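To keep things clear, I will list the structure first and then write my remarks on it.
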Amino acid sequence: MIEKVRHLVIEGPIGVGKTSLAVRLAERLRAETLLERPEANPFLERFYRDSARHAFTTQLAFLFQRIRQLRELGQRELFDEIFVADFLLEKDALFASLTLADDELDLYRQIYSNLAVQAPVPDLVIHLDASPTILLSRIAERGRPMEVSISEAYLEQLCEAYTRFFHSYEASPLLTVNTEHLDPAHEDADFELLLDRIRSMRGRREFFNRGD
């Protein structure tokens with residue numbers, strides 16, 4: 001299957017390794033990357049310190065960034081390039097539903113519906129999954145100062161939201177990868193295992209655990 005993929009998306013909660021894997025896959029496929037830039041969001045660090053106060057501005061900043069990137073992708077797709085991205089636009093609304101108060105969420109949805117572009121449908125989405133405890137340890141290991149206040153409770157909510165989202169996701173073929181005992185972003189053997197698993201996909205919804 002991987003030989004036919006022109007637009008590949010890696011998704012999953014904070015700390016699961018989606019950006020690292022996206023970069024590695026892009027190198028193997030000789031593809032361009034389309035990556036989120038959390039460091040470019042001026043409100044993100046303030047959100048981690050005081051989520052209730054800064055959730056709305058943080059969410060809007062990410063929404064504008066993602067829409068701008070997808071508009072640029074729509075123009076570049078005319079040249080038949082291969083892209084590997086580390087986000088789906090639909091993920092924006094997932095985070096908004098977790099972090100915004102009801103009145104803010106209503107306003108966000110109005111802005112989203114007026115600004116959202118017709119995002120290109122990926123040829124394949126890889127959903128990386130891990131437990132909140134594992135995610136918290138990986139976040140601590142990478143040591144980004146703005147992330148030190150992320151709680152396990154927040155990660156639990158986030159993981160549950162991703163599970164619900166992908167349970168009903170049907171837009172693209174989907175491969176869910178349990179990364180608790182696999183690290184395809186950093187381990188060569190695990191990366192090759194993932195590539196083999198993608199090549200062997202036959203259905204539109206499959207799961208990959210070590211030992212499958």
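Each chain in the structure tokens gets a letter, A, B, ..., in the order shown, and its residues are numbered from 1; ligands are numbered from 1 in order too.
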- Task: Write out as a ChimeraX atom specification which residues come within 12 Å of Phe166 (chain A) when counting only C-alpha atoms, dropping same-chain ones fewer than 4 positions away.
- Result: /A:11-12,88,90-91,94,125-129,159-162,170-176,205-207
- Task: DSSP on the backbone, then: every residue of chain A marked strand (DSSP E or B), written as a VMD selection string.
- Result: chain A and resid 7 to 11 32 to 34 83 to 85 124 to 129 174 to 178 205 to 208
Those selected residues, please, written with C-alpha atoms and delivered as a PDB file, in the first residue's frame.
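Written output follows (again_10.pdb):
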```pdb
ATOM      1  CA  HIS A   7      -0.605  12.054   1.334  1.00  0.00           C
ATOM      2  CA  LEU A   8       0.143  10.339   4.660  1.00  0.00           C
ATOM      3  CA  VAL A   9      -0.901  11.660   8.076  1.00  0.00           C
ATOM      4  CA  ILE A  10       0.480  10.631  11.468  1.00  0.00           C
ATOM      5  CA  GLU A  11      -1.806  11.487  14.383  1.00  0.00           C
ATOM      6  CA  GLU A  32       7.819  16.728   1.812  1.00  0.00           C
ATOM      7  CA  THR A  33       6.698  17.280   5.404  1.00  0.00           C
ATOM      8  CA  LEU A  34       3.750  19.290   6.651  1.00  0.00           C
ATOM      9  CA  PHE A  83       3.473  14.724   1.694  1.00  0.00           C
ATOM     10  CA  VAL A  84       3.739  13.385   5.229  1.00  0.00           C
ATOM     11  CA  ALA A  85       1.888  15.459   7.843  1.00  0.00           C
ATOM     12  CA  LEU A 124      -3.546   6.761   4.845  1.00  0.00           C
ATOM     13  CA  VAL A 125      -3.786   7.877   8.480  1.00  0.00           C
ATOM     14  CA  ILE A 126      -1.563   6.273  11.107  1.00  0.00           C
ATOM     15  CA  HIS A 127      -2.938   6.712  14.616  1.00  0.00           C
ATOM     16  CA  LEU A 128      -0.222   6.282  17.246  1.00  0.00           C
ATOM     17  CA  ASP A 129      -1.589   5.180  20.604  1.00  0.00           C
ATOM     18  CA  LEU A 174      -6.614   3.913   9.164  1.00  0.00           C
ATOM     19  CA  LEU A 175      -3.814   1.993  10.876  1.00  0.00           C
ATOM     20  CA  THR A 176      -3.812   2.246  14.677  1.00  0.00           C
ATOM     21  CA  VAL A 177      -0.398   1.443  16.166  1.00  0.00           C
ATOM     22  CA  ASN A 178       0.095   0.582  19.827  1.00  0.00           C
ATOM     23  CA  ARG A 205      -9.178  -0.171   9.362  1.00  0.00           C
ATOM     24  CA  GLU A 206      -6.404  -2.231  10.912  1.00  0.00           C
ATOM     25  CA  PHE A 207      -4.470  -2.473  14.193  1.00  0.00           C
ATOM     26  CA  PHE A 208      -0.801  -3.107  14.803  1.00  0.00           C
TER      27      PHE A 208
END
```
- Query: CA of Arg202 (chain A) to CA of Glu81 (chain A): how many Å, to one decimal?
  - Reply: 24.3 Å
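Note that the spacing between CA of Tyr48 (chain A) and CA of Pro132 (chain A) amounts to 16.6 Å.
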- Pull the alpha helix (DSSP H) assignments for region 11-206 of chain A out of DSSP run on the backbone, and list those residues as JSON, numbers by chain. {"A": [18, 19, 20, 21, 22, 23, 24, 25, 26, 27, 28, 29, 44, 45, 46, 47, 48, 49, 51, 52, 53, 54, 55, 56, 57, 58, 59, 60, 61, 62, 63, 64, 65, 66, 67, 68, 69, 70, 71, 72, 73, 74, 75, 76, 90, 91, 92, 93, 94, 95, 96, 97, 98, 99, 102, 103, 104, 105, 106, 107, 108, 109, 110, 111, 112, 113, 114, 115, 132, 133, 134, 135, 136, 137, 138, 139, 140, 141, 142, 152, 153, 154, 155, 156, 157, 158, 159, 160, 161, 162, 163, 164, 165, 166, 167, 188, 189, 190, 191, 192, 193, 194, 195, 196, 197, 198, 199]}
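Compared by their closest atoms to Asp86 (chain A), and using only C-alpha atoms, the residues A:Arg109, A:Arg144, A:Lys18, A:Arg37 rank with A:Lys18 nearest.
Every protein, DNA or RNA residue with an atom at most 9 Å from Phe191 (chain A), where only C-alpha atoms count and chain neighbours fewer than 6 positions away do not, is listed here: Leu21, Arg24, Leu25, Leu182, Asp183, Pro184 and Ala185 of chain A.
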- Item | Residues near Leu136 (chain A), cut-off 12 Å, only C-alpha atoms, skip fewer than 6 positions along chain, as a ChimeraX atom specification | /A:13-16,130,142-143,147-156,159
What does the file look like for those residues with N, CA and C atoms, as an mmCIF file, in the first residue's frame?
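Okay, again.cif is ready:
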```cif
data_model
loop_
_atom_site.group_PDB
_atom_site.id
_atom_site.type_symbol
_atom_site.label_atom_id
_atom_site.label_comp_id
_atom_site.auth_asym_id
_atom_site.auth_seq_id
_atom_site.Cartn_x
_atom_site.Cartn_y
_atom_site.Cartn_z
ATOM 1 N N PRO A 13 -1.889 11.615 20.410
ATOM 2 C CA PRO A 13 -1.801 12.595 21.494
ATOM 3 C C PRO A 13 -0.378 13.109 21.700
ATOM 4 N N ILE A 14 -0.266 14.127 22.517
ATOM 5 C CA ILE A 14 1.019 14.749 22.832
ATOM 6 C C ILE A 14 1.988 13.698 23.377
ATOM 7 N N GLY A 15 3.201 13.694 22.840
ATOM 8 C CA GLY A 15 4.239 12.822 23.363
ATOM 9 C C GLY A 15 4.303 11.438 22.750
ATOM 10 N N VAL A 16 3.413 11.131 21.802
ATOM 11 C CA VAL A 16 3.363 9.772 21.261
ATOM 12 C C VAL A 16 4.399 9.554 20.162
ATOM 13 N N ALA A 130 -0.876 5.267 22.916
ATOM 14 C CA ALA A 130 -0.111 4.866 24.098
ATOM 15 C C ALA A 130 -0.909 5.280 25.323
ATOM 16 N N ARG A 142 11.660 14.189 27.013
ATOM 17 C CA ARG A 142 12.110 15.146 25.999
ATOM 18 C C ARG A 142 12.333 16.536 26.591
ATOM 19 N N GLY A 143 11.767 16.815 27.760
ATOM 20 C CA GLY A 143 12.171 17.971 28.547
ATOM 21 C C GLY A 143 11.877 19.335 27.977
ATOM 22 N N GLU A 147 6.045 22.149 28.564
ATOM 23 C CA GLU A 147 5.198 20.980 28.775
ATOM 24 C C GLU A 147 5.270 20.404 30.192
ATOM 25 N N VAL A 148 6.060 21.011 31.062
ATOM 26 C CA VAL A 148 6.292 20.413 32.383
ATOM 27 C C VAL A 148 5.020 20.358 33.227
ATOM 28 N N SER A 149 4.060 21.216 32.942
ATOM 29 C CA SER A 149 2.843 21.250 33.766
ATOM 30 C C SER A 149 1.717 20.386 33.210
ATOM 31 N N ILE A 150 1.948 19.646 32.120
ATOM 32 C CA ILE A 150 0.912 18.761 31.580
ATOM 33 C C ILE A 150 0.641 17.648 32.577
ATOM 34 N N SER A 151 -0.617 17.429 32.896
ATOM 35 C CA SER A 151 -0.983 16.439 33.904
ATOM 36 C C SER A 151 -1.412 15.130 33.260
ATOM 37 N N GLU A 152 -1.327 14.062 34.039
ATOM 38 C CA GLU A 152 -1.791 12.764 33.545
ATOM 39 C C GLU A 152 -3.300 12.784 33.334
ATOM 40 N N ALA A 153 -4.020 13.551 34.142
ATOM 41 C CA ALA A 153 -5.470 13.646 33.988
ATOM 42 C C ALA A 153 -5.831 14.254 32.630
ATOM 43 N N TYR A 154 -5.093 15.294 32.231
ATOM 44 C CA TYR A 154 -5.333 15.902 30.916
ATOM 45 C C TYR A 154 -5.025 14.906 29.797
ATOM 46 N N LEU A 155 -3.936 14.159 29.950
ATOM 47 C CA LEU A 155 -3.576 13.165 28.942
ATOM 48 C C LEU A 155 -4.617 12.049 28.861
ATOM 49 N N GLU A 156 -5.210 11.691 29.982
ATOM 50 C CA GLU A 156 -6.280 10.695 29.968
ATOM 51 C C GLU A 156 -7.466 11.187 29.151
ATOM 52 N N CYS A 159 -6.414 11.134 25.406
ATOM 53 C CA CYS A 159 -6.384 9.784 24.833
ATOM 54 C C CYS A 159 -7.801 9.271 24.585
#
```
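Nearest to Glu104 (chain A) of all the residues A:Ala26, A:Ile82, A:Leu73, A:Ala52 is A:Ala52, counting only C-alpha atoms.
In this comparison, which uses only C-alpha atoms, the residue of A:Leu195, A:Leu70, A:Leu135, A:Leu63 approaching Ser113 (chain A) most closely is A:Leu63.
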- Query: Pick the closest to Arg71 (chain A) from A:Ser168, A:Thr58, A:Leu89, A:Arg138: which is it, counting only C-alpha atoms?
  - Reply: A:Leu89
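Take the candidates A:Glu180, A:Arg197, A:Leu44, A:Ala116 and check each one against Thr133 (chain A) using only C-alpha atoms; the shortest distance goes to A:Glu180.
Proximity to Gln59 (chain A) was assessed for A:Asn41, A:Leu29, A:Glu72, A:Ser200 counting only C-alpha atoms; the smallest distance is recorded for A:Asn41.
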